[in-house]
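Everything below belongs to upload19.txt, which stores compact mmCIF, C-alpha atoms and all ligand atoms.
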# COMPACT_ATOMS: atom_id res chain seq x y z
CA MET I 1 -22.65 -10.69 -21.74
CA ARG I 2 -23.06 -12.76 -18.52
CA THR I 3 -26.07 -12.16 -16.30
CA VAL I 4 -25.34 -11.97 -12.57
CA LEU I 5 -28.07 -12.34 -9.97
CA VAL I 6 -27.23 -10.81 -6.59
CA THR I 7 -29.09 -12.00 -3.47
CA GLY I 8 -29.21 -9.75 -0.39
CA ALA I 9 -28.88 -6.83 -2.81
CA LYS I 10 -29.74 -4.14 -0.24
CA GLY I 11 -27.12 -5.28 2.29
CA GLN I 12 -23.71 -3.72 2.86
CA LEU I 13 -21.97 -5.85 0.22
CA GLY I 14 -25.03 -6.42 -1.99
CA SER I 15 -25.59 -2.69 -2.51
CA ARG I 16 -21.95 -2.21 -3.60
CA LEU I 17 -22.30 -5.11 -6.05
CA MET I 18 -25.30 -3.33 -7.59
CA GLU I 19 -23.33 -0.13 -8.15
CA ASN I 20 -20.75 -1.76 -10.36
CA ALA I 21 -23.15 -2.91 -13.06
CA SER I 22 -21.24 -1.39 -15.97
CA GLN I 23 -18.01 -3.17 -14.99
CA ASN I 24 -16.77 -6.26 -16.77
CA ASN I 25 -19.58 -6.19 -19.34
CA LEU I 26 -22.05 -7.84 -16.96
CA ARG I 27 -25.82 -7.55 -16.65
CA ILE I 28 -26.60 -7.36 -12.95
CA LEU I 29 -29.97 -8.10 -11.34
CA GLY I 30 -30.36 -7.51 -7.63
CA PHE I 31 -32.93 -9.01 -5.28
CA ASP I 32 -33.38 -8.51 -1.59
CA ARG I 33 -35.26 -10.74 0.82
CA ASP I 34 -38.77 -9.55 -0.18
CA GLU I 35 -38.08 -10.37 -3.86
CA LEU I 36 -35.96 -13.50 -3.47
CA ASP I 37 -35.99 -15.28 -0.12
CA ILE I 38 -33.16 -17.81 -0.11
CA THR I 39 -35.02 -19.94 2.45
CA SER I 40 -37.81 -20.56 -0.10
CA GLN I 41 -37.19 -23.13 -2.82
CA GLN I 42 -40.14 -21.70 -4.77
CA SER I 43 -38.76 -18.18 -4.60
CA ILE I 44 -35.35 -19.36 -5.85
CA SER I 45 -36.67 -21.44 -8.74
CA ASP I 46 -39.07 -18.66 -9.84
CA ALA I 47 -36.13 -16.22 -10.01
CA LEU I 48 -33.92 -18.68 -11.88
CA ARG I 49 -36.64 -19.54 -14.40
CA THR I 50 -37.63 -15.93 -15.00
CA HIS I 51 -34.17 -14.39 -15.20
CA ALA I 52 -31.94 -17.29 -16.33
CA PRO I 53 -28.74 -15.94 -14.73
CA ASP I 54 -25.30 -17.34 -15.57
CA VAL I 55 -24.04 -16.75 -12.05
CA ILE I 56 -25.45 -16.01 -8.60
CA ILE I 57 -23.52 -13.99 -6.04
CA ASN I 58 -25.00 -14.90 -2.66
CA ALA I 59 -24.58 -11.81 -0.48
CA ALA I 60 -27.69 -12.73 1.53
CA ALA I 61 -27.04 -13.87 5.07
CA TYR I 62 -28.13 -13.75 8.67
CA THR I 63 -25.38 -11.50 10.08
CA SER I 64 -26.37 -10.68 13.69
CA VAL I 65 -23.47 -12.42 15.40
CA ASP I 66 -24.67 -11.95 19.01
CA ARG I 67 -28.41 -12.31 18.37
CA ALA I 68 -27.71 -15.64 16.62
CA GLU I 69 -26.95 -17.19 20.02
CA ASP I 70 -30.70 -16.76 20.80
CA GLU I 71 -31.98 -17.19 17.23
CA GLN I 72 -30.22 -20.42 16.29
CA GLN I 73 -33.04 -21.71 14.12
CA LEU I 74 -33.21 -18.56 12.04
CA ALA I 75 -29.43 -18.36 11.63
CA TYR I 76 -29.23 -21.96 10.37
CA ALA I 77 -32.38 -21.55 8.22
CA ILE I 78 -30.73 -18.70 6.29
CA ASN I 79 -26.99 -19.37 6.44
CA THR I 80 -27.08 -23.16 6.06
CA ASP I 81 -30.43 -24.36 4.69
CA GLY I 82 -30.94 -21.32 2.44
CA THR I 83 -27.42 -21.66 1.08
CA ARG I 84 -28.03 -25.38 0.41
CA LEU I 85 -31.26 -24.57 -1.48
CA LEU I 86 -29.38 -22.04 -3.60
CA ALA I 87 -26.57 -24.50 -4.34
CA LYS I 88 -29.02 -27.24 -5.35
CA ALA I 89 -30.96 -24.85 -7.60
CA CYS I 90 -27.71 -23.70 -9.21
CA ALA I 91 -26.73 -27.32 -9.89
CA LEU I 92 -30.16 -28.03 -11.37
CA HIS I 93 -30.18 -24.98 -13.64
CA GLY I 94 -26.47 -25.01 -14.60
CA VAL I 95 -25.76 -21.70 -12.83
CA ASP I 96 -22.39 -20.78 -11.24
CA LEU I 97 -22.48 -19.84 -7.54
CA ILE I 98 -20.24 -17.36 -5.74
CA HIS I 99 -21.03 -17.66 -2.04
CA ILE I 100 -19.72 -15.26 0.61
CA SER I 101 -18.42 -16.57 3.91
CA THR I 102 -16.45 -15.34 6.87
CA ASP I 103 -13.24 -15.47 8.94
CA TYR I 104 -15.52 -16.51 11.85
CA VAL I 105 -15.26 -20.10 10.60
CA PHE I 106 -11.85 -20.02 12.38
CA ASP I 107 -11.25 -19.92 16.13
CA GLY I 108 -8.56 -17.23 15.72
CA LYS I 109 -5.93 -19.11 17.73
CA GLN I 110 -3.41 -19.27 14.89
CA ASP I 111 -0.56 -16.72 14.94
CA ARG I 112 -0.40 -16.09 11.17
CA PRO I 113 -2.99 -15.11 8.54
CA TYR I 114 -5.40 -17.91 7.68
CA THR I 115 -5.12 -19.56 4.27
CA SER I 116 -8.01 -21.42 2.67
CA SER I 117 -6.41 -24.76 3.56
CA ASP I 118 -6.36 -24.02 7.32
CA LYS I 119 -8.79 -26.01 9.43
CA PRO I 120 -12.01 -24.24 10.48
CA ASN I 121 -13.20 -24.35 14.08
CA PRO I 122 -16.17 -21.98 14.47
CA LEU I 123 -16.80 -20.53 17.94
CA GLY I 124 -20.50 -19.57 17.97
CA ILE I 125 -23.87 -20.10 16.28
CA TYR I 126 -23.40 -17.50 13.51
CA ALA I 127 -19.90 -18.85 12.84
CA ASN I 128 -21.09 -22.45 12.77
CA SER I 129 -24.10 -21.65 10.58
CA LYS I 130 -21.73 -20.02 8.05
CA ARG I 131 -19.36 -23.01 8.16
CA THR I 132 -22.19 -25.48 7.59
CA GLY I 133 -23.34 -23.22 4.73
CA GLU I 134 -19.89 -23.58 3.14
CA LEU I 135 -20.13 -27.36 3.53
CA ALA I 136 -23.58 -27.33 1.91
CA VAL I 137 -22.10 -25.62 -1.16
CA ALA I 138 -19.06 -27.90 -1.29
CA GLY I 139 -21.26 -30.99 -0.82
CA THR I 140 -23.50 -30.21 -3.79
CA GLU I 141 -22.34 -31.85 -6.98
CA GLY I 142 -22.58 -30.95 -10.63
CA PHE I 143 -21.95 -27.21 -10.75
CA ARG I 144 -19.20 -24.59 -10.48
CA TRP I 145 -18.87 -22.85 -7.10
CA TRP I 146 -16.55 -20.48 -5.27
CA VAL I 147 -16.78 -19.73 -1.55
CA VAL I 148 -15.07 -16.43 -0.82
CA ARG I 149 -14.34 -15.65 2.84
CA VAL I 150 -13.98 -12.08 4.03
CA ALA I 151 -13.34 -10.43 7.42
CA TRP I 152 -13.87 -7.01 9.01
CA LEU I 153 -16.14 -5.80 6.20
CA CYS I 154 -16.79 -2.07 6.32
CA ASP I 155 -17.81 0.87 4.20
CA THR I 156 -17.91 4.65 4.17
CA ARG I 157 -21.69 4.40 4.68
CA GLY I 158 -24.15 2.19 6.58
CA GLN I 159 -23.56 0.67 9.98
CA ASN I 160 -20.09 -0.71 10.66
CA PHE I 161 -17.02 -0.05 12.81
CA LEU I 162 -15.84 2.92 10.73
CA GLN I 163 -19.21 4.68 11.04
CA THR I 164 -19.48 3.86 14.75
CA MET I 165 -16.04 5.36 15.45
CA LEU I 166 -16.88 8.55 13.54
CA ARG I 167 -20.18 8.93 15.40
CA LEU I 168 -18.59 8.32 18.82
CA GLY I 169 -15.55 10.44 17.97
CA ARG I 170 -17.80 13.44 17.19
CA SER I 171 -19.42 13.33 20.63
CA ASP I 172 -16.76 11.82 22.91
CA LYS I 173 -13.21 13.02 23.07
CA TYR I 174 -12.02 9.90 24.94
CA LEU I 175 -12.61 6.39 23.62
CA ARG I 176 -11.41 2.95 24.66
CA VAL I 177 -10.97 0.50 21.81
CA VAL I 178 -10.12 -3.21 21.80
CA ASN I 179 -6.47 -3.86 21.04
CA ASP I 180 -6.21 -7.65 21.22
CA GLN I 181 -8.25 -8.67 18.15
CA HIS I 182 -6.25 -8.69 14.92
CA GLY I 183 -7.49 -8.28 11.37
CA ALA I 184 -7.46 -6.07 8.30
CA PRO I 185 -10.25 -3.56 7.53
CA THR I 186 -11.81 -4.68 4.25
CA PHE I 187 -13.93 -2.34 2.18
CA ALA I 188 -17.13 -3.53 0.51
CA ARG I 189 -16.61 -1.53 -2.71
CA PRO I 190 -13.27 -3.09 -3.84
CA PHE I 191 -14.48 -6.48 -2.60
CA ALA I 192 -17.58 -6.12 -4.80
CA GLU I 193 -15.33 -5.21 -7.76
CA ALA I 194 -13.24 -8.36 -7.23
CA LEU I 195 -16.36 -10.55 -7.00
CA LEU I 196 -17.73 -9.10 -10.22
CA LYS I 197 -14.42 -9.74 -11.94
CA LEU I 198 -14.67 -13.34 -10.76
CA ALA I 199 -18.23 -13.53 -12.13
CA ALA I 200 -17.02 -12.24 -15.49
CA HIS I 201 -13.81 -14.28 -15.70
CA ALA I 202 -14.70 -17.42 -13.76
CA GLU I 203 -12.27 -19.53 -15.80
CA GLN I 204 -9.34 -17.57 -14.27
CA VAL I 205 -10.01 -18.89 -10.75
CA PRO I 206 -10.32 -22.61 -9.93
CA CYS I 207 -13.49 -23.57 -8.06
CA GLY I 208 -13.10 -23.94 -4.27
CA ILE I 209 -12.63 -21.87 -1.14
CA TRP I 210 -10.77 -18.54 -1.38
CA HIS I 211 -9.86 -15.74 1.01
CA TYR I 212 -10.25 -12.04 0.23
CA GLY I 213 -8.45 -9.33 2.19
CA PRO I 214 -5.85 -6.55 1.89
CA GLU I 215 -2.18 -6.68 2.84
CA GLY I 216 -1.13 -5.93 6.42
CA GLN I 217 -2.97 -6.19 9.69
CA THR I 218 -3.93 -4.13 12.69
CA THR I 219 -6.27 -4.20 15.70
CA TRP I 220 -9.59 -2.37 16.17
CA PHE I 221 -7.56 0.18 18.17
CA GLY I 222 -5.11 0.61 15.26
CA PHE I 223 -8.00 0.95 12.81
CA ALA I 224 -9.65 3.61 15.01
CA GLN I 225 -6.33 5.52 15.23
CA ALA I 226 -6.04 5.53 11.41
CA ILE I 227 -9.67 6.68 10.97
CA PHE I 228 -9.25 9.68 13.30
CA GLU I 229 -5.83 10.56 11.90
CA LEU I 230 -7.14 10.61 8.32
CA HIS I 231 -10.20 12.63 9.35
CA GLY I 232 -8.01 15.10 11.30
CA MET I 233 -10.09 14.45 14.43
CA ASP I 234 -8.59 14.97 17.87
CA VAL I 235 -9.92 11.98 19.79
CA LYS I 236 -7.96 10.52 22.68
CA LEU I 237 -7.86 6.76 22.33
CA SER I 238 -6.83 4.24 24.90
CA PRO I 239 -6.39 0.51 24.23
CA CYS I 240 -8.37 -2.10 26.13
CA ILE I 241 -8.81 -5.86 25.92
CA THR I 242 -11.72 -7.98 24.69
CA ALA I 243 -12.55 -9.00 28.28
CA ASP I 244 -13.34 -5.31 29.04
CA TYR I 245 -16.20 -5.44 26.50
CA PRO I 246 -17.68 -8.94 26.81
CA THR I 247 -19.99 -9.91 23.93
CA ILE I 248 -22.59 -12.69 23.85
CA ALA I 249 -20.81 -14.54 21.03
CA LYS I 250 -17.06 -15.15 21.10
CA ARG I 251 -14.98 -13.43 18.39
CA PRO I 252 -11.76 -14.87 16.94
CA ALA I 253 -8.67 -13.04 18.23
CA ASN I 254 -7.02 -13.42 14.83
CA SER I 255 -9.24 -12.59 11.83
CA CYS I 256 -6.40 -12.11 9.35
CA LEU I 257 -7.06 -13.80 6.01
CA ASP I 258 -4.37 -14.27 3.38
CA GLY I 259 -6.06 -12.62 0.39
CA LYS I 260 -3.06 -12.61 -1.96
CA PRO I 261 -3.73 -15.86 -3.87
CA PHE I 262 -7.27 -14.76 -4.78
CA LEU I 263 -6.17 -11.30 -5.94
CA ASP I 264 -3.26 -12.80 -7.89
CA ALA I 265 -5.62 -15.23 -9.64
CA LEU I 266 -7.84 -12.29 -10.63
CA GLN I 267 -4.81 -10.17 -11.57
CA LEU I 268 -5.84 -7.47 -9.12
CA PRO I 269 -3.37 -5.47 -6.97
CA TYR I 270 -2.71 -6.60 -3.39
CA LEU I 271 -2.90 -3.25 -1.58
CA HIS I 272 -2.21 -2.41 2.06
CA TRP I 273 -5.37 -1.82 4.14
CA LYS I 274 -4.26 1.75 4.97
CA GLU I 275 -3.87 2.58 1.30
CA VAL I 276 -7.38 1.21 0.61
CA LEU I 277 -8.75 3.16 3.59
CA LYS I 278 -7.30 6.40 2.16
CA GLN I 279 -8.76 5.66 -1.28
CA GLU I 280 -12.19 4.83 0.11
CA LEU I 281 -12.33 7.94 2.32
CA LYS I 282 -11.51 10.05 -0.76
CA LEU I 283 -14.25 8.38 -2.82
CA GLY I 284 -16.72 8.80 0.07
N1 LIG I 301 -20.15 -7.51 7.90
C1 LIG I 301 -19.01 -8.15 8.18
O1 LIG I 301 -18.14 -7.67 8.93
C2 LIG I 301 -18.73 -9.49 7.56
C3 LIG I 301 -17.53 -10.11 7.88
C4 LIG I 301 -17.26 -11.32 7.32
C5 LIG I 301 -18.15 -11.90 6.42
N2 LIG I 301 -19.34 -11.29 6.14
C6 LIG I 301 -20.24 -11.96 5.20
O2 LIG I 301 -20.38 -11.12 4.07
C7 LIG I 301 -21.68 -11.29 3.50
C8 LIG I 301 -22.35 -9.94 3.31
O3 LIG I 301 -22.43 -9.30 4.59
P1 LIG I 301 -23.07 -7.85 4.77
O4 LIG I 301 -22.24 -7.15 5.78
O5 LIG I 301 -23.31 -7.23 3.43
O6 LIG I 301 -24.46 -8.28 5.44
P2 LIG I 301 -25.80 -7.42 5.59
O7 LIG I 301 -25.53 -5.98 5.39
O8 LIG I 301 -26.44 -7.88 6.86
O9 LIG I 301 -26.66 -7.90 4.35
C9 LIG I 301 -27.27 -9.16 4.29
C10 LIG I 301 -28.48 -9.04 3.40
O10 LIG I 301 -29.09 -10.34 3.30
C11 LIG I 301 -30.49 -10.16 3.40
N3 LIG I 301 -31.16 -11.39 3.81
C12 LIG I 301 -31.29 -11.90 5.06
N4 LIG I 301 -32.00 -13.03 5.02
C13 LIG I 301 -32.33 -13.25 3.72
C14 LIG I 301 -33.07 -14.25 3.04
N5 LIG I 301 -33.65 -15.27 3.70
N6 LIG I 301 -33.19 -14.17 1.69
C15 LIG I 301 -32.66 -13.13 1.03
N7 LIG I 301 -31.96 -12.15 1.60
C16 LIG I 301 -31.80 -12.21 2.95
C17 LIG I 301 -30.66 -9.05 4.42
O11 LIG I 301 -31.95 -8.52 4.33
P3 LIG I 301 -32.67 -7.96 5.68
O12 LIG I 301 -32.03 -6.64 5.93
O13 LIG I 301 -34.11 -7.90 5.27
O14 LIG I 301 -32.40 -8.96 6.76
C18 LIG I 301 -29.56 -8.09 3.97
O15 LIG I 301 -30.00 -7.23 2.95
C19 LIG I 301 -22.42 -12.26 4.44
O16 LIG I 301 -22.30 -13.56 3.91
C20 LIG I 301 -21.65 -12.18 5.74
O17 LIG I 301 -21.76 -13.37 6.48
C21 LIG I 301 -19.65 -10.09 6.68

Take the structure from the file and write it as structure tokens.
Amino acid sequence: MRTVLVTGAKGQLGSRLMENASQNNLRILGFDRDELDITSQQSISDALRTHAPDVIINAAAYTSVDRAEDEQQLAYAINTDGTRLLAKACALHGVDLIHISTDYVFDGKQDRPYTSSDKPNPLGIYANSKRTGELAVAGTEGFRWWVVRVAWLCDTRGQNFLQTMLRLGRSDKYLRVVNDQHGAPTFARPFAEALLKLAAHAEQVPCGIWHYGPEGQTTWFGFAQAIFELHGMDVKLSPCITADYPTIAKRPANSCLDGKPFLDALQLPYLHWKEVLKQELKLG
């Protein structure tokens, strides 16, 4: 039985990883920031010595995209330097590392889904701190690593676009939603299942950078339409453009990631995002 150590275990993705403990015959240990701070070398080596994991899934990150523009130091300390410390500790202790990254490493100017061989060009501080985190993993020698990029992560709980739409839709009957950013809603639960399968069957997937995501694409407007339709809610939606809702940090206009090669390697089905949305709403 392989032992998996999850960092950022109380986050959106981390908490889903912790719920799938019985899957794939894995022993899963979860730590959030107060138990394992990835910016502390001492904290990392204590955890590795005490628990001797076979693999770490790094779901810990600084994820405040807009705030990062004012908190550069903190964003780099966690997403780059913390990731480098983890990678070095993994190399030292012979532990595999599965590190989570983001579509934000791309500028979104491409007109087709991004593959893992496309060239990154991050637009803001969060995006750049995640890219330099990827490079820190790839630049560390002597261990097995996988960087798995994901986009538009959401869940049927917590704080994310799906929950925001439901909250607004219950109070406002008219909503304007951005219709010029493209991507595919990606649920944390099936993503966690895929990552745990990778942890259990690492030999099936060559080390390197991979993309995770469902088939198909939409816009935030299209996603909102699907949410209200499936909930049977009568909310009048009108499309708007990104410029109508300026944000501090720039977002890529195209966040579509080609997730098929990763799912094929893991022998998992490549489902359409709408099908996954229906499944997840049923599971609750
Ligand atoms: N959410 C998205 O749409 C999205 C899209 C693409 C990629 N991603 C990537 O997916 C991964 C998971 O994202 P998520 O949505 O699950 O993020 P999240 O909900 O913000 O969870 C991140 C977790 O990391 C913890 N953390 C922060 N600093 C830490 C440190 N120094 N040491 C240990 N833990 C620390 C946080 O704890 P605190 O709460 O105490 O800060 C939080 O529990 C991240 O790598 C993110 O960049 C997310």

Enumerate, in order of chain and increasing residue number, the residues of chain I with an atom no farther than 7 Å from ligand LIG 301 (chain I), each with its shortest atom pair and distance in Å to one decimal, counting all atoms listed in the file, as JSON lines.
{"residue": "I:Thr7", "atom": "CA", "partner": "I:LIG301", "partner_atom": "N7", "distance": 5.8}
{"residue": "I:Gly8", "atom": "CA", "partner": "I:LIG301", "partner_atom": "O10", "distance": 3.7}
{"residue": "I:Ala9", "atom": "CA", "partner": "I:LIG301", "partner_atom": "O15", "distance": 5.9}
{"residue": "I:Lys10", "atom": "CA", "partner": "I:LIG301", "partner_atom": "O15", "distance": 4.4}
{"residue": "I:Gly11", "atom": "CA", "partner": "I:LIG301", "partner_atom": "O9", "distance": 3.4}
{"residue": "I:Gln12", "atom": "CA", "partner": "I:LIG301", "partner_atom": "O5", "distance": 3.6}
{"residue": "I:Leu13", "atom": "CA", "partner": "I:LIG301", "partner_atom": "O5", "distance": 3.7}
{"residue": "I:Gly14", "atom": "CA", "partner": "I:LIG301", "partner_atom": "O5", "distance": 5.7}
{"residue": "I:Asp32", "atom": "CA", "partner": "I:LIG301", "partner_atom": "N7", "distance": 5.0}
{"residue": "I:Arg33", "atom": "CA", "partner": "I:LIG301", "partner_atom": "C15", "distance": 3.5}
{"residue": "I:Leu36", "atom": "CA", "partner": "I:LIG301", "partner_atom": "C15", "distance": 5.6}
{"residue": "I:Asp37", "atom": "CA", "partner": "I:LIG301", "partner_atom": "N6", "distance": 3.5}
{"residue": "I:Ile38", "atom": "CA", "partner": "I:LIG301", "partner_atom": "N6", "distance": 4.1}
{"residue": "I:Thr39", "atom": "CA", "partner": "I:LIG301", "partner_atom": "N5", "distance": 5.0}
{"residue": "I:Ala59", "atom": "CA", "partner": "I:LIG301", "partner_atom": "C8", "distance": 4.8}
{"residue": "I:Ala60", "atom": "CA", "partner": "I:LIG301", "partner_atom": "O10", "distance": 3.3}
{"residue": "I:Ala61", "atom": "CA", "partner": "I:LIG301", "partner_atom": "O10", "distance": 4.4}
{"residue": "I:Tyr62", "atom": "CA", "partner": "I:LIG301", "partner_atom": "C12", "distance": 5.1}
{"residue": "I:Thr63", "atom": "CA", "partner": "I:LIG301", "partner_atom": "O8", "distance": 5.0}
{"residue": "I:Ile78", "atom": "CA", "partner": "I:LIG301", "partner_atom": "N5", "distance": 5.2}
{"residue": "I:Gly82", "atom": "CA", "partner": "I:LIG301", "partner_atom": "N5", "distance": 6.7}
{"residue": "I:Ile100", "atom": "CA", "partner": "I:LIG301", "partner_atom": "O16", "distance": 4.5}
{"residue": "I:Ser101", "atom": "CA", "partner": "I:LIG301", "partner_atom": "O16", "distance": 4.9}
{"residue": "I:Thr102", "atom": "CA", "partner": "I:LIG301", "partner_atom": "C5", "distance": 3.9}
{"residue": "I:Asp103", "atom": "CA", "partner": "I:LIG301", "partner_atom": "C4", "distance": 6.0}
{"residue": "I:Lys130", "atom": "CA", "partner": "I:LIG301", "partner_atom": "O17", "distance": 6.8}
{"residue": "I:Arg149", "atom": "CA", "partner": "I:LIG301", "partner_atom": "C5", "distance": 6.4}
{"residue": "I:Val150", "atom": "CA", "partner": "I:LIG301", "partner_atom": "C4", "distance": 4.7}
{"residue": "I:Ala151", "atom": "CA", "partner": "I:LIG301", "partner_atom": "C4", "distance": 4.0}
{"residue": "I:Trp152", "atom": "CA", "partner": "I:LIG301", "partner_atom": "O1", "distance": 4.3}
{"residue": "I:Leu153", "atom": "CA", "partner": "I:LIG301", "partner_atom": "O1", "distance": 3.9}
{"residue": "I:Cys154", "atom": "CA", "partner": "I:LIG301", "partner_atom": "O1", "distance": 6.3}

Could you check the closest approach to I:Asn121 for each of I:Leu85, I:Val105, I:Ala200, I:Leu29 and tell me which residue wins, using all atoms listed in the file?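 Counting all atoms listed in the file, the residue closest to I:Asn121 is I:Val105.
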
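Between I:Cys240 and the candidates I:His99, I:Arg16, I:Arg176, I:Arg2, the tightest atom-to-atom separation, counting all atoms listed in the file, involves I:Arg176.
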
Calculate how many Å separate atom CA of I:Asp234 from atom CA of I:Lys173, rounding to one decimal. 7.2 Å

Polymer residues at most 10 Å from I:Lys236, all atoms listed in the file, same-chain spacing of 2 or more positions, as an MDAnalysis selection string: chainID I and resid 169 172:176 225 228 233:234 238

Would you mind telling me which residue in I:Tyr126, I:Phe31, I:Tyr104, I:Phe187 lies nearest to I:Gly284 when using all atoms listed in the file?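 Of I:Tyr126, I:Phe31, I:Tyr104, I:Phe187, the one nearest I:Gly284, counting all atoms listed in the file, is I:Phe187.
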
Between atom CA of I:Asp111 and atom CA of I:Thr218, measure the distance and give it in Å to one decimal.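 Computing the Euclidean distance for atom CA of I:Asp111 and atom CA of I:Thr218 yields 13.2 Å.
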
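Computed from the coordinates, the atom CA of I:Asp66 to atom CA of I:Ala127 distance equals 10.4 Å.
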
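In terms of minimum interatomic distance to I:Met1, I:Leu26 ranks closest within I:Leu97, I:Val55, I:Cys256, I:Leu26, counting only C-alpha atoms.
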
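Contact shell of I:Gly142 at 8 Å (all atoms listed in the file; same-chain neighbours under 2 positions omitted): Ala91, Thr140 and Arg144 of chain I.
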
Counting all atoms listed in the file, which residue out of I:Gly232, I:Gly124, I:Pro214, I:Gly30 sits closest to I:Ala75? I:Gly124

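Of the residues listed (I:Val178, I:Leu86, I:Val148, I:Ile125), I:Val178 shows the shortest atom-to-atom separation from I:Tyr245; distances use all atoms listed in the file.
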
Excluding I:Thr219 and any residue of its chain fewer than 3 positions from it, enumerate the residues within 8 Å of it, using all atoms listed in the file, and give them as a ChimeraX atom specification. /I:178-184,222-223

Would you mind listing what lies within 10 Å of I:His272 as a PyMOL selection string, with only C-alpha atoms counted and same-chain residues fewer than 3 positions away left out? chain I and resi 184-185+213-217+269+275-277
